[in-house]
Each structure stands twice: as C-alpha cells, then as structure tokens.
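Okay, structure first, notes after.
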Amino acid sequence: MDRQGVKSNPPLDSDISEKRYCVFTLDNEEYALEVEVFKEAMRSTKITPVPNVADHILGVINRRGDITPVISLKRLFNPQKVDNIGKASRILIVQIKDLVIGLLVDSILGIIDLDTYKMAPVTEIEQRDGEYLKGVYRIDNRSILIIDLEKILP
C-alpha cells in the first residue's frame with residue numbers, strides 16, 4: 001500500500017523502460033548500441049581486405065574459425081574520415097537475426113542503463129549520421145547517439 005492507502009501493483013515487464021547500452025566513441029563523440037545485439041568486444045586484429053566492396057567495409061576477420069565482416073562506422077557516417085586504429089580501438093561483434101558483423105570503434109566506454117522514454121529525437125546538429133540513428137540521450141553535458149543497427153546492416 002502506498003501513503004494514501006491505495007494498493008499499488010508491481011510494474012509489469014512492459015512498464016520497464018530501461019535498456020542496457022554499450023557506449024563507445026568515434027572521433028570523440030559518444031555512441032551506443034543496445035546490449036541485446038552486442039556479442040563481444042575484441043582488440044583490433046588483422047583485417048583481411050575484400051575487393052569490390054563499399055569503402056566502409058574494411059574486410060573480414062577470422063574469429064575463432066568464423067569469418068566475420070568488419071565495418072568502419074566512422075567511414076559509413078563520413079566517407080572522408082580515416083580510421084586511426086590504436087591501442088584503445090575495438091571491434092564490437094554484433095548480431096541481428098542470423099547476421100554477425102564487426103564494427104570498428106575508437107574505444108569502449110562501458111555499459112550503461114538508459115530510460116527509453118527519455119530518448120530525444122535526432123536534432124539537425126546530429127543529423128549528419130541521422131539516417132543511422134534512433135535518437136539521442138542527453139546526460140548532464142553529454143550527448144549519446146543511439147545507433148539503429150538495422151539501418152546499418154543490409
């Protein structure tokens with residue numbers, strides 16, 4: 001019972017609005033993917049180029065016997081960008097349905113919980129990557145751009 005003597009029901013699963021996100025950086029901007037599509041993070045490894053593919057497709061990696069394509073999100077969002085693979089660079093292995101791919105990112109910041117009801121629409125400032133975004137979270141002085149993986153994958 002609450003303070004007014006009314007019996008309150010526990011929240012239903014459909015009422016829970018928090019989701020877990022993996023937050024990472026690209027050119028000092030923060031992006032995130034839902035954890036449910038995230039399989040693992042790998043240190044950058046040898047990427048074997050594949051001929052006659054789009055510029056944002058870096059090639060393939062051998063992941064414990066599985067051949068996995070790797071995409072540069074930086075190049076996908078802005079074809080003039082160059083990937084600077086450093087010690088903090090990681091390949092995020094993600095899966096939607098039966099498709100498993102790697103996404104090259106500059107660094108991983110961690111896993112956080114965000115309230116899906118507080119996601120704001122993409123503004124004109126963020127619109128350059130807008131066709132690949134679901135929305136944006138504003139936390140203090142930070143903006144975390146939420147990637148729509150289904151729009152990235154063919």
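Residue names in the structure tokens use chain letters A, B, ... in the order shown, residue numbers from 1 in each chain, and ligand numbers from 1 in the order shown.
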
Set the distance at 8 Å and use only C-alpha atoms: which residues neighbour A:Glu18 once local chain neighbours fewer than 2 positions away are removed? I'd like the list as a tab-separated table (two decimals) with C-alpha atoms, in the first residue's frame.
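The resulting file, result.tsv, is shown below:
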```tsv
chain	number	residue	atom	x	y	z
A	16	ILE	CA	10.02	-1.25	-17.52
A	20	ARG	CA	21.28	-1.59	-21.33
A	113	ASP	CA	21.28	1.67	-18.36
A	114	LEU	CA	19.18	4.31	-20.10
A	115	ASP	CA	15.46	5.03	-19.87
A	116	THR	CA	13.97	4.52	-23.33
```

**Prompt:** Pick from A:Leu33, A:Lys118, A:Leu26, A:Phe38: nearest to A:Arg75, with only C-alpha atoms counted?
**Reply:**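 Closest residue, counting only C-alpha atoms: A:Leu26.
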
**Asked** Among chain A, which residues carry a DSSP assignment of strand (DSSP E), reported as a ChimeraX atom specification?
**Response** /A:18-26,29-34,38-43,57-63,66-72,90-96,99-105,107-115,133-139,142-147

A:Cys22: which residues within 6 Å, counting only C-alpha atoms, same-chain residues fewer than 2 positions away excluded, as a compact mmCIF listing (two decimals) with N, CA and C atoms, in the first residue's frame?
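So out34.txt came out as:
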```txt
# COMPACT_ATOMS: atom_id res chain seq x y z
N ALA A 32 26.04 4.61 -28.90
CA ALA A 32 25.66 3.43 -28.13
C ALA A 32 24.82 2.48 -28.98
N LEU A 33 24.94 1.20 -28.61
CA LEU A 33 24.14 0.12 -29.19
C LEU A 33 23.47 -0.63 -28.06
N VAL A 35 22.59 -3.55 -25.77
CA VAL A 35 23.40 -4.69 -25.37
C VAL A 35 22.85 -5.99 -25.94
N GLY A 110 31.88 1.70 -21.83
CA GLY A 110 31.24 0.84 -20.85
C GLY A 110 29.81 0.53 -21.18
N ILE A 111 29.14 -0.11 -20.23
CA ILE A 111 27.74 -0.49 -20.35
C ILE A 111 26.95 0.37 -19.37
```

**Prompt:** Looking at only C-alpha atoms, which of A:Leu153, A:Val105, A:Val60, A:Ile146 is the one that sits closest to A:Lys87?
**Reply:**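 Ranked by minimum distance to A:Lys87, first place goes to A:Val105.
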
Close residues, A:Val100 itself excluded, 8 Å, only C-alpha atoms, min 4 positions apart in chain, as a PDB file with N, CA and C atoms, in the first residue's frame:
```pdb
ATOM      1  N   THR A  68      34.126 -13.139 -40.179  1.00  0.00           N
ATOM      2  CA  THR A  68      33.209 -12.063 -39.804  1.00  0.00           C
ATOM      3  C   THR A  68      33.574 -10.785 -40.548  1.00  0.00           C
ATOM      4  N   PRO A  69      32.633 -10.192 -41.288  1.00  0.00           N
ATOM      5  CA  PRO A  69      32.906  -8.912 -41.940  1.00  0.00           C
ATOM      6  C   PRO A  69      33.033  -7.796 -40.907  1.00  0.00           C
ATOM      7  N   ILE A  93      31.521  -7.035 -31.865  1.00  0.00           N
ATOM      8  CA  ILE A  93      30.830  -8.087 -32.604  1.00  0.00           C
ATOM      9  C   ILE A  93      29.360  -8.007 -32.223  1.00  0.00           C
ATOM     10  N   VAL A  94      28.524  -7.803 -33.232  1.00  0.00           N
ATOM     11  CA  VAL A  94      27.091  -7.642 -33.015  1.00  0.00           C
ATOM     12  C   VAL A  94      26.323  -8.634 -33.888  1.00  0.00           C
ATOM     13  N   GLN A  95      25.100  -8.922 -33.460  1.00  0.00           N
ATOM     14  CA  GLN A  95      24.275  -9.862 -34.217  1.00  0.00           C
ATOM     15  C   GLN A  95      22.835  -9.390 -34.260  1.00  0.00           C
ATOM     16  N   ILE A  96      22.289  -9.395 -35.468  1.00  0.00           N
ATOM     17  CA  ILE A  96      20.859  -9.195 -35.672  1.00  0.00           C
ATOM     18  C   ILE A  96      20.391 -10.371 -36.513  1.00  0.00           C
TER      19      ILE A  96
END
```

**Complete:** Among A:Ile139, A:Ile147, A:Ile112, A:Ile71, A:Asp55 is approached most closely, using only C-alpha atoms, by A:Ile71

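Taking atom CA of A:Ile152 as the reference point, atom CA of A:Val82 is found at 18.6 Å.
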
**Message:** At a cut-off of 7 Å, using only C-alpha atoms, what residues contact A:Ser89? Leave out same-chain residues fewer than 4 positions from it and give the result as a ChimeraX atom specification.
**Reply:** /A:43-44,85,105-107

Output the selection as a PDB file, in the first residue's frame - N, CA and C atoms for each residue.
```pdb
ATOM      1  N   ARG A  43      39.964  -6.892 -29.308  1.00  0.00           N
ATOM      2  CA  ARG A  43      41.029  -5.964 -29.682  1.00  0.00           C
ATOM      3  C   ARG A  43      41.130  -5.982 -31.193  1.00  0.00           C
ATOM      4  N   SER A  44      41.564  -4.883 -31.750  1.00  0.00           N
ATOM      5  CA  SER A  44      41.702  -4.822 -33.192  1.00  0.00           C
ATOM      6  C   SER A  44      42.695  -5.894 -33.634  1.00  0.00           C
ATOM      7  N   ILE A  85      43.563   3.248 -36.187  1.00  0.00           N
ATOM      8  CA  ILE A  85      43.473   2.111 -35.282  1.00  0.00           C
ATOM      9  C   ILE A  85      44.596   2.218 -34.257  1.00  0.00           C
ATOM     10  N   VAL A 105      35.424   0.582 -33.696  1.00  0.00           N
ATOM     11  CA  VAL A 105      35.186   1.799 -32.923  1.00  0.00           C
ATOM     12  C   VAL A 105      36.501   2.272 -32.305  1.00  0.00           C
ATOM     13  N   ASP A 106      36.561   3.537 -31.918  1.00  0.00           N
ATOM     14  CA  ASP A 106      37.792   4.090 -31.345  1.00  0.00           C
ATOM     15  C   ASP A 106      38.071   3.566 -29.942  1.00  0.00           C
ATOM     16  N   SER A 107      37.030   3.462 -29.115  1.00  0.00           N
ATOM     17  CA  SER A 107      37.194   2.940 -27.758  1.00  0.00           C
ATOM     18  C   SER A 107      35.826   2.595 -27.187  1.00  0.00           C
TER      19      SER A 107
END
```

**Request:** Write out as number ranges by chain each polymer residue whose atoms come within 10 Å of A:Ser143, counting only C-alpha atoms; drop sequence neighbours fewer than 6 positions from it.
**Result:** A: 29-31, 126, 136-137

**Message:** Counting only C-alpha atoms, which residue out of A:Ile91, A:Ala120, A:Leu133, A:Val23 sits closest to A:Ile47?
**Reply:**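 Nearest to A:Ile47: A:Ile91.
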
**Asked** atom CA of A:Ile101 and atom CA of A:Ile67, how far apart in Å?
**Response**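 Computing it gives 9.2 Å between the two atoms.
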
**Message:** Would you compute the distance between atom CA of A:Glu36 and atom CA of A:Asp83? Give it in Å to one decimal.
**Reply:**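 Computing it gives 26.2 Å between the two atoms.
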
**Request:** Just list the residues in chain A DSSP gives alpha helix (DSSP H) on the backbone, as a PyMOL selection string.
**Result:** chain A and resi 73-77+149-152

**Request:** Determine, counting only C-alpha atoms, which protein, DNA and RNA residues have an atom within 10 Å of an atom of A:Pro49; residues of the same chain fewer than 3 positions away are not included. Present the result as a ChimeraX atom specification.
**Result:** /A:46,52-53,57-61,69-70
